[in-house]
>>> print(open('run31.txt').read())   # compact mmCIF, C-alpha atoms
# COMPACT_ATOMS: atom_id res chain seq x y z
CA MET A 1 0.00 0.00 0.00
CA PRO A 2 1.59 3.26 -1.02
CA LEU A 3 2.31 5.87 1.69
CA PRO A 4 0.57 9.19 1.40
CA ALA A 5 2.70 12.10 0.23
CA ALA A 6 3.92 14.48 2.96
CA SER A 7 1.95 17.63 3.04
CA ASN A 8 3.77 20.95 2.72
CA ASP A 9 2.02 23.80 4.47
CA GLU A 10 4.37 26.48 3.07
CA PRO A 11 2.89 28.45 0.24
CA PRO A 12 4.61 28.03 -3.09
CA LEU A 13 7.03 30.75 -4.12
CA GLU A 14 5.61 33.14 -6.61
CA PRO A 15 7.68 33.61 -9.78
CA PHE A 16 9.72 36.81 -9.98
CA ASP A 17 8.06 39.36 -12.22
CA PRO A 18 10.49 42.05 -13.44
CA SER A 19 7.61 44.35 -14.25
CA SER A 20 6.14 44.13 -10.76
CA THR A 21 7.17 46.55 -8.03
CA GLN A 22 6.11 44.12 -5.34
CA SER A 23 8.46 41.48 -6.75
CA TRP A 24 11.37 43.88 -6.63
CA LEU A 25 10.46 44.91 -3.07
CA ASP A 26 10.21 41.30 -1.91
CA TRP A 27 13.57 40.53 -3.50
CA PHE A 28 15.25 43.58 -1.94
CA VAL A 29 13.92 42.83 1.55
CA GLY A 30 15.63 39.46 1.41
CA LEU A 31 19.31 38.88 0.66
CA PRO A 32 20.33 42.34 -0.66
CA LEU A 33 18.97 44.11 2.41
CA ARG A 34 20.80 41.77 4.76
CA ILE A 35 24.07 42.34 2.88
CA LEU A 36 23.57 46.11 2.90
CA LEU A 37 22.86 46.04 6.63
CA ILE A 38 26.02 44.03 7.28
CA VAL A 39 28.14 46.43 5.21
CA ALA A 40 26.48 49.53 6.69
CA ILE A 41 26.79 48.41 10.31
CA GLY A 42 30.38 47.28 9.76
CA SER A 43 31.26 50.63 8.16
CA VAL A 44 29.70 52.55 11.05
CA VAL A 45 31.56 50.44 13.61
CA LEU A 46 34.83 50.94 11.72
CA ALA A 47 34.26 54.70 11.54
CA LEU A 48 33.53 54.88 15.27
CA VAL A 49 36.61 52.83 16.14
CA ARG A 50 38.82 55.01 13.93
CA ARG A 51 37.37 58.14 15.53
CA VAL A 52 38.16 56.82 19.02
CA ILE A 53 41.69 55.95 17.89
CA ARG A 54 42.15 59.44 16.46
CA LYS A 55 41.00 61.04 19.72
CA ILE A 56 43.35 58.87 21.75
CA THR A 57 46.34 59.63 19.52
CA GLU A 58 45.58 63.35 19.64
CA HIS A 59 45.59 63.29 23.45
CA ILE A 60 48.86 61.33 23.43
CA ALA A 61 50.45 63.83 21.04
CA GLU A 62 49.28 66.83 23.08
CA GLY A 63 50.13 65.27 26.44
CA THR A 64 46.64 65.82 27.83
CA PRO A 65 44.61 63.20 29.74
CA THR A 66 42.32 61.07 27.59
CA LEU A 67 39.46 61.09 30.11
CA ARG A 68 38.94 64.59 31.43
CA GLY A 69 37.44 64.72 34.88
CA LYS A 70 36.17 67.84 36.55
CA ARG A 71 39.39 68.32 38.50
CA LEU A 72 41.73 67.71 35.56
CA LYS A 73 39.66 69.69 33.08
CA GLY A 74 40.35 73.04 34.67
CA ILE A 75 44.10 72.41 34.89
CA GLY A 76 44.45 71.07 31.36
CA GLU A 77 42.49 73.89 29.75
CA SER A 78 44.17 76.68 31.69
CA ALA A 79 46.95 78.78 30.20
CA ALA A 80 49.48 77.60 32.78
CA GLY A 81 48.61 73.97 32.13
CA SER A 82 49.03 74.39 28.38
CA VAL A 83 52.44 76.01 28.85
CA LEU A 84 53.60 73.23 31.17
CA LEU A 85 52.42 70.52 28.81
CA ARG A 86 54.26 72.03 25.85
CA ALA A 87 57.34 73.43 27.60
CA ASN A 88 59.76 70.70 26.51
CA PRO A 89 60.11 70.50 22.70
CA LEU A 90 61.85 67.12 22.89
CA ALA A 91 59.01 65.67 24.90
CA SER A 92 56.48 67.10 22.43
CA ALA A 93 58.28 65.54 19.47
CA ARG A 94 58.53 62.27 21.34
CA ARG A 95 54.80 62.24 22.14
CA ALA A 96 53.89 63.13 18.54
CA GLN A 97 56.07 60.34 17.13
CA ARG A 98 54.65 57.85 19.59
CA ALA A 99 51.08 58.95 18.81
CA ARG A 100 51.59 58.56 15.06
CA THR A 101 53.04 55.08 15.41
CA VAL A 102 50.43 53.85 17.89
CA GLY A 103 47.64 55.35 15.78
CA SER A 104 48.94 53.65 12.64
CA VAL A 105 49.07 50.28 14.39
CA LEU A 106 45.57 50.60 15.85
CA ARG A 107 44.03 51.79 12.58
CA SER A 108 45.62 48.96 10.60
CA THR A 109 44.44 46.41 13.16
CA ALA A 110 40.88 47.79 13.13
CA ASN A 111 40.75 47.79 9.33
CA ILE A 112 41.94 44.20 9.08
CA VAL A 113 39.71 42.78 11.83
CA ILE A 114 36.49 44.60 10.97
CA GLY A 115 37.02 44.33 7.21
CA ALA A 116 37.64 40.58 7.38
CA THR A 117 34.56 40.14 9.57
CA ILE A 118 32.37 42.00 7.07
CA VAL A 119 33.66 39.94 4.14
CA LEU A 120 33.10 36.63 5.92
CA MET A 121 29.55 37.58 6.95
CA VAL A 122 28.69 38.62 3.39
CA LEU A 123 30.04 35.36 2.01
CA ALA A 124 27.98 33.44 4.56
CA GLU A 125 24.83 35.28 3.44
CA LEU A 126 25.59 34.40 -0.16
CA GLY A 127 25.64 30.74 0.78
CA VAL A 128 29.40 30.27 0.56
CA ASN A 129 30.92 27.84 3.02
CA ILE A 130 33.43 29.94 4.97
CA ALA A 131 34.95 27.02 6.89
CA PRO A 132 37.62 26.41 4.21
CA PHE A 133 38.49 30.11 4.29
CA LEU A 134 38.95 30.02 8.05
CA ALA A 135 41.08 26.89 7.82
CA SER A 136 43.18 28.42 5.02
CA ALA A 137 43.64 31.58 7.06
CA GLY A 138 44.86 29.51 9.99
CA ILE A 139 47.33 27.62 7.81
CA VAL A 140 48.62 30.86 6.25
CA GLY A 141 49.03 32.36 9.71
CA VAL A 142 51.06 29.40 10.93
CA ALA A 143 53.21 29.46 7.78
CA LEU A 144 53.87 33.19 8.17
CA GLY A 145 54.65 32.67 11.84
CA PHE A 146 57.38 30.14 11.04
CA GLY A 147 58.67 31.79 7.86
CA ALA A 148 58.80 35.37 9.14
CA GLN A 149 59.74 34.86 12.77
CA SER A 150 62.27 37.69 12.79
CA LEU A 151 59.79 40.10 11.22
CA VAL A 152 57.06 39.17 13.68
CA LYS A 153 59.56 39.49 16.52
CA ASP A 154 60.54 42.98 15.36
CA PHE A 155 56.93 44.13 15.17
CA LEU A 156 55.99 42.68 18.55
CA SER A 157 59.07 44.19 20.20
CA GLY A 158 58.31 47.57 18.63
CA THR A 159 54.71 47.42 19.80
CA PHE A 160 55.65 46.66 23.41
CA MET A 161 58.40 49.27 23.30
CA LEU A 162 55.87 51.94 22.29
CA LEU A 163 53.29 50.84 24.83
CA GLU A 164 55.88 50.83 27.63
CA ASP A 165 57.40 54.16 26.45
CA GLN A 166 60.96 52.90 26.79
CA TYR A 167 62.41 55.66 24.57
CA GLY A 168 61.30 58.18 21.99
CA VAL A 169 62.49 60.75 19.47
CA GLY A 170 65.24 62.96 20.91
CA ASP A 171 66.30 60.54 23.66
CA THR A 172 69.95 59.59 24.08
CA VAL A 173 70.04 55.81 24.38
CA ASP A 174 72.59 53.05 24.79
CA PHE A 175 71.78 49.80 22.97
CA GLY A 176 75.09 48.14 23.82
CA GLU A 177 76.83 48.33 20.47
CA VAL A 178 75.17 51.60 19.42
CA THR A 179 74.93 54.79 21.47
CA GLY A 180 73.36 57.97 20.16
CA THR A 181 70.22 60.07 19.73
CA VAL A 182 66.96 58.51 18.55
CA GLU A 183 65.74 60.17 15.34
CA GLU A 184 62.82 57.93 14.39
CA VAL A 185 60.89 55.13 16.02
CA ALA A 186 58.94 52.58 13.97
CA LEU A 187 57.50 49.16 14.63
CA ARG A 188 60.29 47.29 12.85
CA VAL A 189 63.40 49.48 13.20
CA THR A 190 64.69 52.36 15.30
CA LYS A 191 66.97 55.00 13.76
CA VAL A 192 69.81 56.18 16.01
CA ARG A 193 72.39 58.87 15.16
CA ASP A 194 75.71 58.43 16.99
CA GLY A 195 78.25 61.11 17.91
CA ASN A 196 80.14 60.71 14.63
CA GLY A 197 77.04 61.40 12.56
CA THR A 198 76.44 57.80 11.51
CA LEU A 199 72.77 56.83 11.24
CA TRP A 200 72.17 53.33 12.59
CA TYR A 201 69.13 51.22 11.74
CA VAL A 202 68.53 48.96 14.73
CA ARG A 203 65.94 46.19 14.48
CA ASN A 204 63.63 46.25 17.47
CA GLY A 205 63.77 42.48 17.84
CA GLU A 206 67.56 42.61 18.25
CA ILE A 207 67.52 45.12 21.12
CA LEU A 208 68.20 43.08 24.25
CA ARG A 209 68.80 45.98 26.63
CA THR A 210 68.13 49.70 26.50
CA GLY A 211 69.75 52.42 28.54
CA ASN A 212 67.86 55.72 28.32
CA LYS A 213 70.08 58.60 29.45
CA THR A 214 67.46 61.33 29.01
CA GLN A 215 64.37 59.95 30.71
CA GLU A 216 62.86 61.71 33.74
CA TRP A 217 66.13 63.16 35.13
CA GLY A 218 69.92 63.01 34.81
CA ARG A 219 73.02 63.51 36.93
CA ALA A 220 76.02 65.68 36.08
CA VAL A 221 79.19 64.09 37.50
CA VAL A 222 82.68 65.61 37.43
CA ASP A 223 85.69 63.69 38.78
CA VAL A 224 88.57 65.85 40.04
CA ARG A 225 92.08 64.52 40.71
CA VAL A 226 94.27 66.75 42.89
CA ALA A 227 97.78 66.35 44.19
CA TYR A 228 98.31 63.88 47.03
CA TRP A 229 99.45 66.50 49.53
CA ALA A 230 96.48 68.84 48.87
CA ASP A 231 94.20 69.80 51.76
CA VAL A 232 91.05 67.69 51.32
CA GLU A 233 88.76 70.10 53.19
CA ALA A 234 90.02 73.03 51.13
CA VAL A 235 89.45 71.05 47.95
CA ARG A 236 85.90 70.15 48.96
CA ALA A 237 85.15 73.77 49.83
CA ALA A 238 86.48 74.94 46.45
CA LEU A 239 84.46 72.31 44.56
CA LEU A 240 81.26 73.12 46.44
CA ALA A 241 81.72 76.84 45.85
CA ALA A 242 82.25 76.20 42.12
CA ALA A 243 79.08 74.09 41.91
CA GLU A 244 77.07 76.73 43.77
CA ASP A 245 78.33 79.38 41.33
CA VAL A 246 77.01 77.29 38.44
CA GLY A 247 73.70 76.88 40.27
CA ALA A 248 73.45 80.66 40.62
CA ASP A 249 73.52 81.06 36.83
CA PRO A 250 70.11 82.32 35.61
CA VAL A 251 69.97 79.67 32.87
CA LEU A 252 71.93 76.70 34.17
CA GLY A 253 70.47 77.08 37.66
CA THR A 254 66.99 76.24 36.33
CA TYR A 255 68.27 72.78 35.35
CA PHE A 256 69.19 71.89 38.95
CA LEU A 257 66.73 69.59 40.70
CA GLU A 258 68.74 69.16 43.92
CA PRO A 259 71.59 71.04 45.61
CA PRO A 260 75.08 70.03 44.43
CA GLU A 261 77.01 67.44 46.42
CA VAL A 262 80.74 66.90 46.87
CA THR A 263 81.70 63.42 47.98
CA GLY A 264 84.78 62.43 49.91
CA ILE A 265 87.87 60.71 48.56
CA GLU A 266 86.69 58.30 45.85
CA ALA A 267 90.15 56.98 44.93
CA MET A 268 93.68 57.44 46.22
CA THR A 269 97.07 56.69 44.73
CA ALA A 270 100.64 57.67 45.55
CA GLU A 271 100.33 60.66 43.22
CA ALA A 272 96.73 61.87 43.46
CA LEU A 273 93.45 62.03 45.34
CA GLN A 274 90.17 61.78 43.44
CA LEU A 275 87.02 63.60 44.55
CA LYS A 276 83.63 63.87 42.89
CA VAL A 277 81.14 66.71 42.50
CA GLN A 278 77.66 65.79 41.28
CA VAL A 279 74.25 67.38 40.89
CA LYS A 280 70.82 66.06 39.87
CA THR A 281 69.51 67.85 36.77
CA GLN A 282 66.63 67.81 34.37
CA ALA A 283 66.61 65.18 31.65
CA ALA A 284 69.12 65.73 28.81
CA MET A 285 70.70 68.70 30.63
CA GLN A 286 73.39 66.85 32.60
CA TRP A 287 76.04 67.24 29.88
CA GLU A 288 75.65 71.01 29.61
CA VAL A 289 75.79 71.36 33.39
CA ALA A 290 78.85 69.08 33.57
CA ARG A 291 80.73 71.22 31.02
CA ALA A 292 80.00 74.36 33.03
CA LEU A 293 81.05 72.59 36.24
CA ARG A 294 84.42 71.59 34.77
CA ALA A 295 85.17 75.15 33.67
CA ARG A 296 84.18 76.62 37.04
CA VAL A 297 86.06 73.92 39.02
CA ARG A 298 89.22 74.64 37.05
CA GLN A 299 88.94 78.35 37.80
CA GLY A 300 88.13 77.75 41.47
CA LEU A 301 91.08 75.42 42.05
CA SER A 302 93.40 77.84 40.28
CA ASP A 303 92.23 80.71 42.49
CA ALA A 304 92.72 78.56 45.61
CA ARG A 305 96.19 77.50 44.40
CA ILE A 306 95.28 73.83 44.59
CA PRO A 307 97.33 71.89 42.03
CA LEU A 308 95.74 69.22 39.93
CA ALA A 309 97.39 65.84 39.80
CA GLY A 310 99.48 65.21 36.71
CA ALA A 311 102.32 63.17 35.36
CA GLN A 312 105.49 64.00 37.30
CA GLN A 313 108.84 64.56 35.63
CA VAL A 314 112.19 64.03 37.32
CA VAL A 315 115.17 65.90 35.92
CA VAL A 316 118.66 64.99 37.23
CA LEU A 317 121.69 67.09 36.28
CA ASP A 318 125.06 65.54 37.13
CA HIS A 319 128.10 67.77 36.48
CA SER A 320 130.65 65.61 38.33
CA PRO A 321 133.76 64.57 36.36
CA SER A 322 133.83 61.02 35.08
CA VAL A 323 136.31 58.54 36.63
CA PRO A 324 138.50 56.66 34.15
CA ASP A 325 138.44 52.88 34.28
CA ASP A 326 142.19 52.42 33.68
CA ARG A 327 144.37 53.66 36.52
CA ARG A 328 148.09 53.97 36.52
CA ASP A 329 149.93 51.53 38.69
CA ASP A 330 152.17 54.22 40.06
CA GLY A 331 149.36 56.62 40.94
CA PRO A 332 147.97 57.13 44.41
CA VAL A 333 145.20 54.83 45.47
CA ALA A 334 142.26 56.51 47.16
CA SER A 335 140.93 54.99 50.31
CA ALA A 336 137.32 53.85 50.78
CA PRO A 337 136.29 56.88 52.90
CA ASP A 338 137.63 59.22 50.20
CA GLU A 339 135.52 57.47 47.54
CA HIS A 340 132.36 57.76 49.67
CA ALA A 341 133.03 61.47 50.23
CA ALA A 342 133.43 61.99 46.49
CA ARG A 343 130.09 60.30 45.78
CA ASP A 344 128.39 62.48 48.39
CA ARG A 345 129.81 65.62 46.76
CA ARG A 346 128.57 64.47 43.34
CA GLY A 347 125.12 63.76 44.79
CA ALA A 348 124.99 67.21 46.35
CA ALA A 349 125.92 68.75 43.01
CA ALA A 350 123.13 66.84 41.26
CA ALA A 351 119.98 68.93 41.02
CA THR A 352 116.85 66.86 41.27
CA VAL A 353 113.69 68.77 40.63
CA VAL A 354 110.23 67.28 40.69
CA GLN A 355 107.74 69.39 38.78
CA ASP A 356 104.09 68.79 38.12
CA ARG A 357 102.02 70.19 35.30
CA THR A 358 100.95 73.22 37.29
CA GLY A 359 104.50 74.54 37.17
CA GLY A 360 104.99 74.41 40.94
CA THR A 361 107.96 72.72 42.61
CA ALA A 362 106.98 69.86 44.86
CA GLY A 363 110.35 69.64 46.57
CA PRO A 364 113.71 67.95 46.13
CA ALA A 365 113.83 64.22 45.78
CA ALA A 366 115.83 62.27 48.36
>>> encode(input="run31.txt", output="structure tokens")
Amino acid sequence: MPLPAASNDEPPLEPFDPSSTQSWLDWFVGLPLRILLIVAIGSVVLALVRRVIRKITEHIAEGTPTLRGKRLKGIGESAAGSVLLRANPLASARRAQRARTVGSVLRSTANIVIGATIVLMVLAELGVNIAPFLASAGIVGVALGFGAQSLVKDFLSGTFMLLEDQYGVGDTVDFGEVTGTVEEVALRVTKVRDGNGTLWYVRNGEILRTGNKTQEWGRAVVDVRVAYWADVEAVRAALLAAAEDVGADPVLGTYFLEPPEVTGIEAMTAEALQLKVQVKTQAAMQWEVARALRARVRQGLSDARIPLAGAQQVVVLDHSPSVPDDRRDDGPVASAPDEHAARDRRGAAAATVVQDRTGGTAGPAA
């Protein structure tokens, strides 16, 4: 006995009539509308994300807080706050470079993620099986991860370096083999100009350690070596007075963050004593302060007649007559006391002068 045919309650689809407005409306409400909604919503989300990224990068470049509270708003918008935020040109350039790089990374990431999501959703609406695409994307990602490990390492290191604010444009850094001023920071490489004018391209993934000499604050240090017999208290007083004179300068004094300090004897040899004068300064200003300290210390020690330690020179002048090796058999033979007396006279005639580089006479040598 044949089974009855299954009943289908769904109404049959009406044929599409190109001349009918209702047919076009029914067709548009279906698949095309869903695709347009996906594209429109994705575009709006992408635009909003890019706008947020732009606002964040602008605040980073200007040095203002991203979220302005009632207490911070008055300070940031005041004239004094604006001057303080833009007082350091190096810091402004550093913030601007960091903002551009971070903004570029975030915008590229947003474009890739949101764009890929929109494409996959459209393909799914069109009835395309997206599982092979996802599997292929995973395989390509793994292949790129193994084939471009160094490139991925450079980009990841550059990203973390920017987020942690390890260094920026204008900073003086020490990378171990390269020391100089940072001129440009990117995700893959960092450009550093050394003291000889050579521009170095350093891959971020190869930077194992970073010494930033111009971050937050610095310290000007001047080592002074004086003669061994110099009065230590007089030397310390002269060094402290020289440092205070530099601090009284209307320009250099503004770089001082703490009062100058003169330490005790740092090193001691048979020829010299080494003392140290140091002062905490603003970032990147320690070298200018150190140069001024050296000039003022030299003048102060000269005024106090305190000699600097230098290479000593011993000059011996011997005008005694030479004694011939061959003596006549019939000549008189001098006794031992007479020979000792002759050597003493020659030693007294010898002039031994010990002079240092200051031109002063230290005293006769024994």
>>> closest_residue(input="run31.txt", among="A:Ala284, A:Ala238, A:Leu187, A:Met161", to="Arg305 (chain A)", atoms="all atoms listed in the file")
A:Ala238
>>> closest_residue(input="run31.txt", among="A:Arg294, A:Leu151, A:Glu233, A:Thr210", to="Asp245 (chain A)", atoms="only C-alpha atoms")
A:Arg294
>>> closest_residue(input="run31.txt", among="A:Val39, A:Arg95, A:Met268, A:Arg100", to="Ile53 (chain A)", atoms="all atoms listed in the file")
A:Arg100
>>> atom_distance(input="run31.txt", atom1="CA of Ala272 (chain A)", atom2="CA of Pro307 (chain A)")
10.1 Å
>>> atom_distance(input="run31.txt", atom1="CA of Val182 (chain A)", atom2="CA of Gly170 (chain A)")
5.3 Å
>>> atom_distance(input="run31.txt", atom1="CA of Gly264 (chain A)", atom2="CA of Glu288 (chain A)")
23.9 Å
>>> closest_residue(input="run31.txt", among="A:Asn129, A:Val105, A:Gly197, A:Leu120", to="Leu156 (chain A)", atoms="only C-alpha atoms")
A:Val105
